[in-house]
>>> print(open('run-v1.tsv').read())   # TSV, C-alpha atoms
chain	number	residue	atom	x	y	z
K	1	MET	CA	95.79	167.78	171.82
K	2	LEU	CA	95.08	167.58	168.11
K	3	ARG	CA	97.76	166.00	165.97
K	4	ARG	CA	98.68	167.95	162.89
K	5	ARG	CA	98.40	165.89	159.77
K	6	LYS	CA	101.49	165.78	157.58
K	7	THR	CA	100.90	167.47	154.28
K	8	ASN	CA	102.55	164.63	152.36
K	9	HIS	CA	100.32	161.97	153.89
K	10	PRO	CA	98.08	160.28	151.34
K	11	SER	CA	94.37	160.40	151.99
K	12	ILE	CA	92.74	157.20	153.18
K	13	LEU	CA	91.21	156.73	149.72
K	14	GLU	CA	94.62	157.12	148.07
K	15	ALA	CA	96.13	154.71	150.59
K	16	LEU	CA	93.35	152.20	149.96
K	17	TYR	CA	93.92	152.46	146.21
K	18	GLU	CA	97.64	151.81	146.62
K	19	ALA	CA	96.90	148.90	148.94
K	20	GLN	CA	94.50	147.35	146.43
K	21	LYS	CA	97.12	147.70	143.70
K	22	ILE	CA	99.35	145.52	145.88
K	23	ALA	CA	96.59	143.08	146.81
K	24	PHE	CA	95.58	142.62	143.18
K	25	SER	CA	99.01	143.11	141.62
K	26	PRO	CA	99.18	139.54	140.23
K	27	PHE	CA	95.91	140.15	138.38
K	28	ILE	CA	97.09	143.46	136.95
K	29	PHE	CA	100.48	142.03	136.04
K	30	GLU	CA	98.99	139.06	134.20
K	31	ALA	CA	96.51	141.36	132.43
K	32	CYS	CA	99.38	143.56	131.22
K	33	VAL	CA	101.38	140.54	130.04
K	34	ALA	CA	98.34	139.16	128.21
K	35	ALA	CA	97.44	142.51	126.64
K	36	LYS	CA	100.98	143.04	125.43
K	37	ARG	CA	101.68	139.53	124.16
K	38	MET	CA	98.30	139.16	122.44
K	39	GLY	CA	98.81	142.46	120.62
K	40	LEU	CA	96.12	144.50	122.35
K	41	LEU	CA	98.43	147.25	123.59
K	42	ALA	CA	99.97	147.60	120.13
K	43	ALA	CA	96.54	147.70	118.51
K	44	ILE	CA	95.34	150.44	120.88
K	45	ASP	CA	98.47	152.45	120.21
K	46	LYS	CA	98.11	152.03	116.45
K	47	ALA	CA	94.48	153.18	116.57
K	48	GLN	CA	95.53	156.38	118.37
K	49	GLY	CA	92.12	157.02	119.83
K	50	GLY	CA	90.32	156.98	116.49
K	51	GLU	CA	87.35	154.90	115.44
K	52	LYS	CA	89.52	151.78	115.29
K	53	ALA	CA	90.17	152.16	119.04
K	54	SER	CA	86.72	150.88	119.99
K	55	GLU	CA	86.53	147.55	121.78
K	56	GLU	CA	84.64	146.05	118.87
K	57	ASN	CA	87.22	147.09	116.29
K	58	LEU	CA	90.13	146.15	118.57
K	59	ALA	CA	88.66	142.68	118.96
K	60	LYS	CA	88.63	142.30	115.18
K	61	ALA	CA	92.18	143.66	114.85
K	62	THR	CA	93.60	141.26	117.43
K	63	ASN	CA	91.43	138.19	116.74
K	64	LEU	CA	90.27	138.31	120.36
K	65	THR	CA	86.70	138.04	121.54
K	66	LEU	CA	84.83	141.16	122.55
K	67	TYR	CA	84.68	139.69	126.03
K	68	ALA	CA	88.49	139.36	126.21
K	69	VAL	CA	89.07	142.92	125.06
K	70	GLY	CA	86.45	144.29	127.45
K	71	ALA	CA	87.70	142.38	130.50
K	72	LEU	CA	91.32	143.37	129.85
K	73	ALA	CA	90.35	146.99	129.15
K	74	ASP	CA	88.44	147.27	132.43
K	75	ALA	CA	91.39	145.96	134.44
K	76	LEU	CA	93.99	148.08	132.66
K	77	GLU	CA	91.85	151.21	132.85
K	78	ALA	CA	91.54	150.76	136.61
K	79	ALA	CA	95.31	150.26	136.84
K	80	GLY	CA	96.10	153.42	134.86
K	81	VAL	CA	97.47	151.63	131.80
K	82	LEU	CA	94.81	152.96	129.43
K	83	THR	CA	92.02	155.53	129.35
K	84	ARG	CA	88.53	155.36	127.92
K	85	GLU	CA	86.86	158.17	126.00
K	86	LYS	CA	83.09	157.86	126.12
K	87	ASP	CA	81.28	157.92	122.79
K	88	PRO	CA	77.92	159.58	123.49
K	89	ASP	CA	76.58	158.49	120.10
K	90	ASN	CA	77.87	154.92	120.48
K	91	LYS	CA	79.35	155.04	116.99
K	92	ALA	CA	81.96	152.67	115.57
K	93	GLY	CA	81.49	150.07	118.27
K	94	GLY	CA	81.43	152.24	121.37
K	95	ASP	CA	84.03	153.89	123.62
K	96	ARG	CA	87.54	154.56	122.37
K	97	LEU	CA	90.62	153.36	124.23
K	98	SER	CA	93.99	155.08	124.44
K	99	LEU	CA	97.24	154.17	126.16
K	100	THR	CA	98.46	156.30	129.04
K	101	LYS	CA	102.17	157.07	129.42
K	102	THR	CA	102.35	153.99	131.62
K	103	GLY	CA	100.85	151.91	128.83
K	104	GLU	CA	103.35	153.36	126.36
K	105	CYS	CA	106.20	152.39	128.72
K	106	LEU	CA	104.88	148.82	128.86
K	107	LEU	CA	104.81	148.73	125.07
K	108	TYR	CA	108.00	150.59	124.13
K	109	ASP	CA	110.39	151.09	127.05
K	110	ALA	CA	113.31	148.64	126.91
K	111	MET	CA	113.87	148.47	130.68
K	112	THR	CA	110.18	147.82	131.32
K	113	SER	CA	110.09	145.13	128.64
K	114	VAL	CA	113.03	143.14	130.00
K	115	ASN	CA	111.70	143.48	133.55
K	116	LEU	CA	108.24	142.32	132.47
K	117	ASP	CA	109.55	139.29	130.59
K	118	PHE	CA	112.00	138.39	133.37
K	119	THR	CA	109.23	138.51	135.95
K	120	ALA	CA	106.73	136.59	133.81
K	121	ASP	CA	109.00	133.91	132.38
K	122	VAL	CA	111.64	133.41	135.10
K	123	CYS	CA	110.35	134.53	138.48
K	124	TYR	CA	106.57	134.54	138.67
K	125	ALA	CA	105.82	130.96	139.70
K	126	GLY	CA	108.85	130.66	141.97
K	127	LEU	CA	108.06	133.83	143.91
K	128	GLN	CA	105.22	131.96	145.60
K	129	LYS	CA	107.98	130.22	147.60
K	130	LEU	CA	109.51	133.51	148.79
K	131	SER	CA	108.49	133.11	152.44
K	132	GLU	CA	109.83	129.57	152.51
K	133	ALA	CA	113.10	130.71	150.91
K	134	PHE	CA	113.56	133.38	153.57
K	135	ARG	CA	113.04	130.74	156.27
K	136	THR	CA	115.39	128.14	154.82
K	137	GLY	CA	117.99	130.31	153.07
K	138	ARG	CA	117.57	128.18	149.94
K	139	PRO	CA	116.09	129.08	146.51
K	140	GLU	CA	112.88	127.18	147.15
K	141	GLY	CA	111.20	128.63	144.04
K	142	LEU	CA	113.75	127.16	141.63
K	143	LYS	CA	111.78	123.90	141.45
K	144	ALA	CA	108.86	125.78	139.90
K	145	LEU	CA	111.14	126.89	137.07
K	146	MET	CA	113.17	123.68	136.75
K	147	PRO	CA	111.29	120.71	138.22
K	148	GLU	CA	113.83	118.29	136.79
K	149	GLY	CA	117.15	118.00	138.57
K	150	ASN	CA	118.31	118.85	142.07
K	151	TRP	CA	119.86	122.29	141.57
K	152	GLU	CA	121.40	124.00	144.60
K	153	THR	CA	121.46	127.37	142.83
K	154	ILE	CA	120.32	128.66	139.45
K	155	TYR	CA	123.81	129.44	138.15
K	156	PRO	CA	124.91	125.98	136.91
K	157	ALA	CA	121.46	125.60	135.35
K	158	LEU	CA	121.47	128.79	133.27
K	159	SER	CA	122.42	127.08	130.04
K	160	SER	CA	119.66	124.50	130.67
K	161	LEU	CA	116.81	126.87	131.45
K	162	PRO	CA	113.64	126.09	129.51
K	163	GLU	CA	112.36	128.61	126.99
K	164	PRO	CA	111.19	131.31	127.20
K	165	ALA	CA	112.89	131.60	130.61
K	166	ARG	CA	116.38	131.22	129.16
K	167	THR	CA	115.93	134.03	126.63
K	168	SER	CA	114.28	136.31	129.19
K	169	TRP	CA	116.98	135.65	131.81
K	170	PHE	CA	119.84	136.53	129.48
K	171	ALA	CA	117.98	139.56	128.08
K	172	PHE	CA	117.49	140.85	131.63
K	173	ASP	CA	121.09	140.19	132.62
K	174	HIS	CA	122.50	141.74	129.47
K	175	TYR	CA	120.31	144.83	129.66
K	176	TYR	CA	121.64	145.76	133.10
K	177	SER	CA	125.29	145.05	132.38
K	178	ASP	CA	126.73	144.46	128.95
K	179	ARG	CA	125.02	147.36	127.19
K	180	TYR	CA	127.85	149.46	128.71
K	181	PHE	CA	130.62	146.92	128.20
K	182	ASP	CA	132.17	148.44	125.09
K	183	ALA	CA	132.58	151.89	126.67
K	184	LEU	CA	133.84	150.49	129.98
K	185	ALA	CA	136.29	148.14	128.25
K	186	GLN	CA	137.71	151.06	126.30
K	187	LYS	CA	138.00	153.05	129.51
K	188	ILE	CA	139.86	150.25	131.28
K	189	ALA	CA	142.18	149.79	128.31
K	190	ARG	CA	142.89	153.51	128.26
K	191	THR	CA	143.23	154.03	132.03
K	192	HIS	CA	144.91	150.80	133.17
K	193	ALA	CA	146.41	149.33	129.96
K	194	PRO	CA	146.27	145.80	131.40
K	195	ALA	CA	148.40	143.07	129.93
K	196	ARG	CA	146.10	140.50	131.57
K	197	LEU	CA	142.51	140.82	132.73
K	198	PHE	CA	140.49	138.20	134.58
K	199	ASP	CA	136.74	138.43	133.97
K	200	VAL	CA	135.32	136.84	137.13
K	201	GLY	CA	131.72	135.72	136.66
K	202	GLY	CA	132.07	136.39	132.95
K	203	ASN	CA	129.06	134.32	131.88
K	204	THR	CA	129.01	133.92	128.07
K	205	GLY	CA	132.00	136.22	127.52
K	206	LYS	CA	130.43	139.48	126.37
K	207	PHE	CA	132.72	141.70	128.43
K	208	ALA	CA	135.69	139.52	127.50
K	209	ARG	CA	134.92	140.17	123.82
K	210	ALA	CA	134.57	143.91	124.46
K	211	MET	CA	137.91	143.99	126.31
K	212	LEU	CA	139.72	142.01	123.63
K	213	ALA	CA	138.33	144.37	120.99
K	214	ALA	CA	139.35	147.44	123.01
K	215	SER	CA	142.99	146.37	123.34
K	216	GLU	CA	145.11	144.61	120.73
K	217	THR	CA	147.49	143.21	123.34
K	218	VAL	CA	145.47	142.28	126.45
K	219	LYS	CA	145.00	138.63	127.35
K	220	VAL	CA	141.65	137.82	128.97
K	221	ALA	CA	140.81	134.82	131.12
K	222	LEU	CA	137.12	134.26	131.87
K	223	VAL	CA	136.62	132.81	135.35
K	224	ASP	CA	133.30	131.11	136.02
K	225	LEU	CA	131.53	127.80	136.59
K	226	PRO	CA	132.53	125.00	134.20
K	227	GLN	CA	129.15	125.26	132.43
K	228	GLN	CA	129.63	128.98	131.77
K	229	CYS	CA	133.21	128.47	130.64
K	230	ARG	CA	131.97	126.01	128.03
K	231	LEU	CA	129.38	128.52	126.82
K	232	ALA	CA	132.10	131.16	126.48
K	233	GLN	CA	134.41	128.79	124.64
K	234	GLU	CA	131.60	128.10	122.17
K	235	ASN	CA	130.77	131.79	121.70
K	236	PRO	CA	131.58	132.61	118.05
K	237	ALA	CA	132.13	136.27	118.95
K	238	LEU	CA	135.31	135.21	120.76
K	239	THR	CA	136.72	133.06	117.95
K	240	PRO	CA	138.75	135.93	116.39
K	241	PHE	CA	140.53	136.38	119.73
K	242	ALA	CA	141.33	132.72	120.40
K	243	ASP	CA	145.05	133.43	120.79
K	244	ARG	CA	144.36	135.90	123.63
K	245	PHE	CA	141.32	134.33	125.30
K	246	SER	CA	141.21	131.51	127.82
K	247	THR	CA	139.00	130.25	130.63
K	248	ALA	CA	139.40	129.17	134.23
K	249	SER	CA	136.69	127.10	135.90
K	250	VAL	CA	135.81	127.38	139.58
K	251	ASN	CA	132.90	126.87	141.95
K	252	TRP	CA	133.29	129.75	144.38
K	253	LEU	CA	130.79	128.18	146.78
K	254	GLU	CA	133.48	125.69	147.76
K	255	PRO	CA	135.24	127.61	150.56
K	256	GLU	CA	138.83	126.94	149.46
K	257	ALA	CA	138.28	126.66	145.69
K	258	MET	CA	140.57	128.51	143.31
K	259	PRO	CA	140.24	128.83	139.51
K	260	VAL	CA	141.78	126.16	137.30
K	261	PHE	CA	143.34	128.04	134.39
K	262	SER	CA	143.69	126.66	130.88
K	263	ALA	CA	146.53	129.10	130.14
K	264	ALA	CA	149.40	128.49	132.54
K	265	GLU	CA	151.35	131.61	131.59
K	266	VAL	CA	148.33	133.82	132.34
K	267	GLU	CA	147.83	132.25	135.76
K	268	ALA	CA	151.52	132.56	136.62
K	269	ALA	CA	151.67	136.24	135.71
K	270	GLY	CA	148.47	137.20	137.53
K	271	ALA	CA	145.91	139.81	136.57
K	272	ASP	CA	146.57	143.50	136.17
K	273	VAL	CA	142.79	143.99	136.42
K	274	ILE	CA	140.19	141.65	137.90
K	275	TRP	CA	136.80	142.59	136.47
K	276	MET	CA	133.55	141.75	138.26
K	277	SER	CA	130.21	142.88	136.82
K	278	GLN	CA	127.05	142.27	138.86
K	279	PHE	CA	128.86	139.40	140.52
K	280	LEU	CA	129.11	140.07	144.24
K	281	GLU	CA	125.33	140.31	144.71
K	282	CYS	CA	125.19	136.63	143.74
K	283	PHE	CA	126.69	135.75	147.13
K	284	PRO	CA	125.96	136.51	150.79
K	285	ALA	CA	128.34	138.98	152.41
K	286	GLU	CA	130.65	136.46	154.07
K	287	MET	CA	131.05	134.53	150.83
K	288	ALA	CA	131.66	137.74	148.86
K	289	VAL	CA	134.47	138.57	151.29
K	290	SER	CA	135.94	135.09	150.87
K	291	ILE	CA	135.87	135.35	147.07
K	292	LEU	CA	137.52	138.77	147.06
K	293	LYS	CA	140.24	137.49	149.40
K	294	ARG	CA	140.90	134.52	147.14
K	295	CYS	CA	140.92	136.76	144.07
K	296	ARG	CA	143.51	139.02	145.69
K	297	LYS	CA	145.95	136.12	145.32
K	298	LEU	CA	145.41	136.27	141.56
K	299	LEU	CA	146.47	139.90	141.23
K	300	ALA	CA	149.75	140.87	139.64
K	301	PRO	CA	151.91	143.39	141.53
K	302	ASN	CA	150.10	146.76	141.43
K	303	GLY	CA	146.97	145.03	140.09
K	304	CYS	CA	143.47	146.24	140.91
K	305	PHE	CA	139.82	145.20	140.92
K	306	ALA	CA	137.20	146.88	138.74
K	307	VAL	CA	133.81	146.11	140.28
K	308	LEU	CA	130.53	147.14	138.63
K	309	GLU	CA	127.56	146.93	140.99
K	310	CYS	CA	123.99	148.18	141.40
K	311	LEU	CA	123.44	149.79	144.81
K	312	VAL	CA	119.92	149.74	146.19
K	313	ASP	CA	120.43	153.14	147.77
K	314	GLY	CA	122.52	154.52	144.92
K	315	GLN	CA	119.83	154.93	142.29
K	316	PRO	CA	119.07	158.36	140.80
K	317	HIS	CA	115.44	157.54	139.97
K	318	ARG	CA	112.55	155.82	141.75
K	319	ALA	CA	112.04	153.48	138.80
K	320	SER	CA	115.57	152.09	138.98
K	321	ASN	CA	115.42	151.92	142.79
K	322	LEU	CA	112.26	149.81	142.59
K	323	SER	CA	113.77	147.60	139.87
K	324	ILE	CA	116.89	146.88	141.92
K	325	ALA	CA	115.07	146.37	145.24
K	326	ALA	CA	112.50	144.03	143.69
K	327	SER	CA	115.12	142.11	141.71
K	328	SER	CA	116.86	141.24	144.96
K	329	LEU	CA	113.95	138.94	145.73
K	330	TYR	CA	114.84	136.91	142.63
K	331	PHE	CA	118.07	135.96	144.38
K	332	THR	CA	116.10	134.87	147.43
K	333	ALA	CA	113.38	132.85	145.71
K	334	LEU	CA	115.19	131.39	142.70
K	335	ALA	CA	118.92	132.10	142.46
K	336	ASN	CA	120.53	131.06	145.71
K	337	GLY	CA	118.29	131.88	148.68
K	338	ASN	CA	120.67	134.17	150.52
K	339	SER	CA	122.00	137.12	148.51
K	340	ARG	CA	120.78	140.50	147.31
K	341	PHE	CA	121.80	143.78	145.73
K	342	TYR	CA	123.75	145.59	148.42
K	343	ARG	CA	123.35	148.97	150.04
K	344	ARG	CA	126.41	151.18	149.89
K	345	ALA	CA	127.42	150.71	153.54
K	346	ASP	CA	127.12	146.92	153.24
K	347	LEU	CA	129.27	146.80	150.11
K	348	MET	CA	131.88	149.07	151.70
K	349	ALA	CA	132.00	146.70	154.68
K	350	ILE	CA	132.62	143.78	152.32
K	351	PHE	CA	135.50	145.63	150.64
K	352	GLU	CA	136.95	146.54	154.04
K	353	ALA	CA	136.74	142.97	155.34
K	354	ALA	CA	138.48	141.72	152.18
K	355	GLY	CA	141.36	144.15	152.74
K	356	LEU	CA	140.49	146.35	149.78
K	357	ALA	CA	140.33	150.13	149.55
K	358	VAL	CA	138.33	152.18	147.05
K	359	ALA	CA	140.83	154.01	144.84
K	360	HIS	CA	138.22	155.42	142.47
K	361	GLU	CA	134.43	155.47	142.27
K	362	GLU	CA	132.16	156.45	139.41
K	363	GLU	CA	128.43	156.75	140.00
K	364	ASN	CA	125.52	156.69	137.52
K	365	VAL	CA	127.16	154.39	135.02
K	366	GLY	CA	124.36	153.71	132.57
K	367	VAL	CA	120.96	153.16	134.13
K	368	SER	CA	121.83	151.94	137.58
K	369	HIS	CA	125.49	151.04	138.16
K	370	THR	CA	128.43	152.26	140.19
K	371	LEU	CA	131.99	151.39	139.17
K	372	PHE	CA	134.55	150.82	141.94
K	373	VAL	CA	138.28	150.53	141.37
K	374	LEU	CA	139.77	148.71	144.36
K	375	ARG	CA	143.33	148.13	145.45
K	376	PRO	CA	144.69	145.95	148.26
K	377	LYS	CA	145.41	147.84	151.42
K	378	LYS	CA	149.03	148.12	152.35
K	379	GLU	CA	150.02	145.91	155.25
K	380	SER	CA	150.66	147.99	158.36
>>> encode(input="run-v1.tsv", output="structure tokens")
Amino acid sequence: MLRRRKTNHPSILEALYEAQKIAFSPFIFEACVAAKRMGLLAAIDKAQGGEKASEENLAKATNLTLYAVGALADALEAAGVLTREKDPDNKAGGDRLSLTKTGECLLYDAMTSVNLDFTADVCYAGLQKLSEAFRTGRPEGLKALMPEGNWETIYPALSSLPEPARTSWFAFDHYYSDRYFDALAQKIARTHAPARLFDVGGNTGKFARAMLAASETVKVALVDLPQQCRLAQENPALTPFADRFSTASVNWLEPEAMPVFSAAEVEAAGADVIWMSQFLECFPAEMAVSILKRCRKLLAPNGCFAVLECLVDGQPHRASNLSIAASSLYFTALANGNSRFYRRADLMAIFEAAGLAVAHEEENVGVSHTLFVLRPKKES
């Protein structure tokens, strides 16, 4: 009996092309990074397909050899990053190059730029240890990024990352979180009117600053590793709010650890809101449950959690789905060896195990986030 072929099946030639894109993806990636950073993409875009878009003229404009321009152009044409218009008269140095929409995204799109730099500067070398990291449950690729020191995870080392990795890491992190902080801080101030907010995993204090600016009365305690607390304390953007800002250091990986607050009255009163932005994916599920349970003890009566997360299966577009799914492998290879961005069902199971119920949920926050407001379940 003949099997009917599915209409959405790619042809074997299409499948082979996609397979070769994977097999040669490091080559294409490095060619794109080189073309962008050496100014070739910008030069092609500026020439706009005119006479200056020939390989010969582009070589002059970028101070690259004709060989370099030609080799990069061949690779990027095959990958769909640029197109070539044949010049039958071979005038002005030959064929003319133009960027495709994909090439324009590489050159101008903010999300693509931070992803490209994050991959090139932070992850690329360490990803070669991905298989080993899956086997051991440790970030085996971290040594490639930071050969000095014996780091268990990347988090205490963030302030010590070498350049350009440090700049690219923070640009990546900030793009996917704090670009929405001002609006979300205003929303929390308006909806919950917290007297005290604990920013758990607050990093350098960007959300803390947004929250302090959104409310003239709220007191904010940033809860993070000692290294991150020091960075926040040194952040000049928080200086105007020194009377309402404090820190609390903790290493959540220690099973019984609780934050050590620098403001006793804040700790005693508890938090009306505990804020967590892109924090839970930094831990495996059982540790995330443990942290949430410990944080419950820090809530004031009628307090709640506000958790901002990226769900792998909660993305409205294929581009953001791919970004989130691929970024999970950073956690495996370099960050900690055992965490990832969660699927919805997995995150709901974590909330349930921690004794928390979803009181409110808001999807499609910014590019890729979902905001959960959680409250402790009532004891039966």
>>> atom_distance(input="run-v1.tsv", atom1="atom CA of K:Gly337", atom2="atom CA of K:Ser160")
19.5 Å
>>> residues_around(input="run-v1.tsv", residues="stretch 19-34 of chain K", least_positions_apart="2", cutoff="8 Å", atoms="only C-alpha atoms", output="list in words")
Ala15, Leu16, Tyr17, Lys36, Arg37, Met38, Leu72, Ala75, Leu76, Ala79, Leu106, Leu116 and Ala120 of chain K
>>> closest_residue(input="run-v1.tsv", among="K:Glu254, K:Arg179, K:Gly126, K:Thr112", to="K:Pro139", atoms="all atoms listed in the file")
K:Gly126
>>> residues_around(input="run-v1.tsv", residues="K:Ala248", least_positions_apart="5", cutoff="7 Å", atoms="only C-alpha atoms", output="list in words")
Ala221, Leu222, Val223, Asp224, Pro259, Val260, Phe261 and Ser262 of chain K
>>> closest_residue(input="run-v1.tsv", among="K:Leu292, K:Ala359, K:Ala257, K:Ala333", to="K:Arg135", atoms="all atoms listed in the file")
K:Ala333
>>> residues_around(input="run-v1.tsv", residues="K:Asp346", least_positions_apart="5", cutoff="12 Å", atoms="only C-alpha atoms", output="VMD selection string")
chain K and resid 280 to 281 284 to 286 288 to 289 311 to 313 340 to 341 351 to 353
>>> residues_around(input="run-v1.tsv", residues="K:Ala319", least_positions_apart="6", cutoff="12 Å", atoms="only C-alpha atoms", output="PyMOL selection string")
chain K and resi 105+111-112+115+312+325-326+367-368
>>> closest_residue(input="run-v1.tsv", among="K:Lys46, K:Ala237, K:Val307, K:Asp87", to="K:Leu107", atoms="only C-alpha atoms")
K:Lys46
>>> closest_residue(input="run-v1.tsv", among="K:Asn364, K:Glu256, K:Thr191, K:Ala354", to="K:Pro316", atoms="all atoms listed in the file")
K:Asn364
>>> atom_distance(input="run-v1.tsv", atom1="atom CA of K:Asp95", atom2="atom CA of K:Tyr108")
24.2 Å
>>> residues_around(input="run-v1.tsv", residues="K:Glu77", least_positions_apart="6", cutoff="12 Å", atoms="only C-alpha atoms", output="list in words")
Ile28, Ala31, Cys32, Val69, Gly70, Ala71, Thr83, Arg84, Glu85, Arg96, Leu97, Ser98, Leu99, Thr100, Thr102 and Gly103 of chain K
>>> atom_distance(input="run-v1.tsv", atom1="atom CA of K:Leu58", atom2="atom CA of K:Glu163")
29.5 Å
>>> decode(input="run-v1.tsv", residues="stretch 204-218 of chain K", atoms="N, CA, C and O atoms", output="compact mmCIF listing (two decimals), in the first residue's frame")
# COMPACT_ATOMS: atom_id res chain seq x y z
N THR K 204 22.37 43.95 39.57
CA THR K 204 22.98 45.26 39.83
C THR K 204 21.98 46.29 40.35
O THR K 204 22.36 47.44 40.59
N GLY K 205 20.71 45.90 40.50
CA GLY K 205 19.74 46.80 41.10
C GLY K 205 18.90 47.62 40.15
O GLY K 205 18.32 48.63 40.54
N LYS K 206 18.77 47.18 38.90
CA LYS K 206 18.01 47.99 37.94
C LYS K 206 16.51 47.98 38.25
O LYS K 206 15.84 49.01 38.13
N PHE K 207 15.97 46.83 38.63
CA PHE K 207 14.55 46.84 39.00
C PHE K 207 14.35 47.58 40.31
O PHE K 207 13.35 48.28 40.49
N ALA K 208 15.28 47.41 41.24
CA ALA K 208 15.18 48.14 42.51
C ALA K 208 15.08 49.63 42.27
O ALA K 208 14.25 50.33 42.87
N ARG K 209 15.92 50.16 41.36
CA ARG K 209 15.86 51.58 41.04
C ARG K 209 14.53 51.97 40.45
O ARG K 209 13.93 52.99 40.81
N ALA K 210 14.02 51.12 39.53
CA ALA K 210 12.73 51.40 38.90
C ALA K 210 11.61 51.41 39.94
O ALA K 210 10.72 52.26 39.89
N MET K 211 11.67 50.49 40.89
CA MET K 211 10.62 50.41 41.92
C MET K 211 10.69 51.61 42.85
O MET K 211 9.66 52.20 43.22
N LEU K 212 11.89 51.98 43.24
CA LEU K 212 12.06 53.14 44.13
C LEU K 212 11.60 54.43 43.45
O LEU K 212 11.09 55.34 44.10
N ALA K 213 11.80 54.51 42.12
CA ALA K 213 11.35 55.68 41.38
C ALA K 213 9.84 55.69 41.20
O ALA K 213 9.22 56.75 41.10
N ALA K 214 9.25 54.50 41.15
CA ALA K 214 7.80 54.39 40.92
C ALA K 214 6.98 54.70 42.17
O ALA K 214 5.81 55.07 42.07
N SER K 215 7.58 54.52 43.33
CA SER K 215 6.87 54.78 44.59
C SER K 215 7.75 55.63 45.50
O SER K 215 8.94 55.33 45.68
N GLU K 216 7.18 56.66 46.09
CA GLU K 216 7.95 57.55 46.95
C GLU K 216 8.09 57.00 48.37
O GLU K 216 8.82 57.57 49.18
N THR K 217 7.40 55.90 48.66
CA THR K 217 7.38 55.39 50.03
C THR K 217 7.94 53.98 50.18
O THR K 217 8.33 53.59 51.28
N VAL K 218 8.00 53.20 49.11
CA VAL K 218 8.40 51.81 49.22
C VAL K 218 9.86 51.69 49.65
O VAL K 218 10.72 52.50 49.28
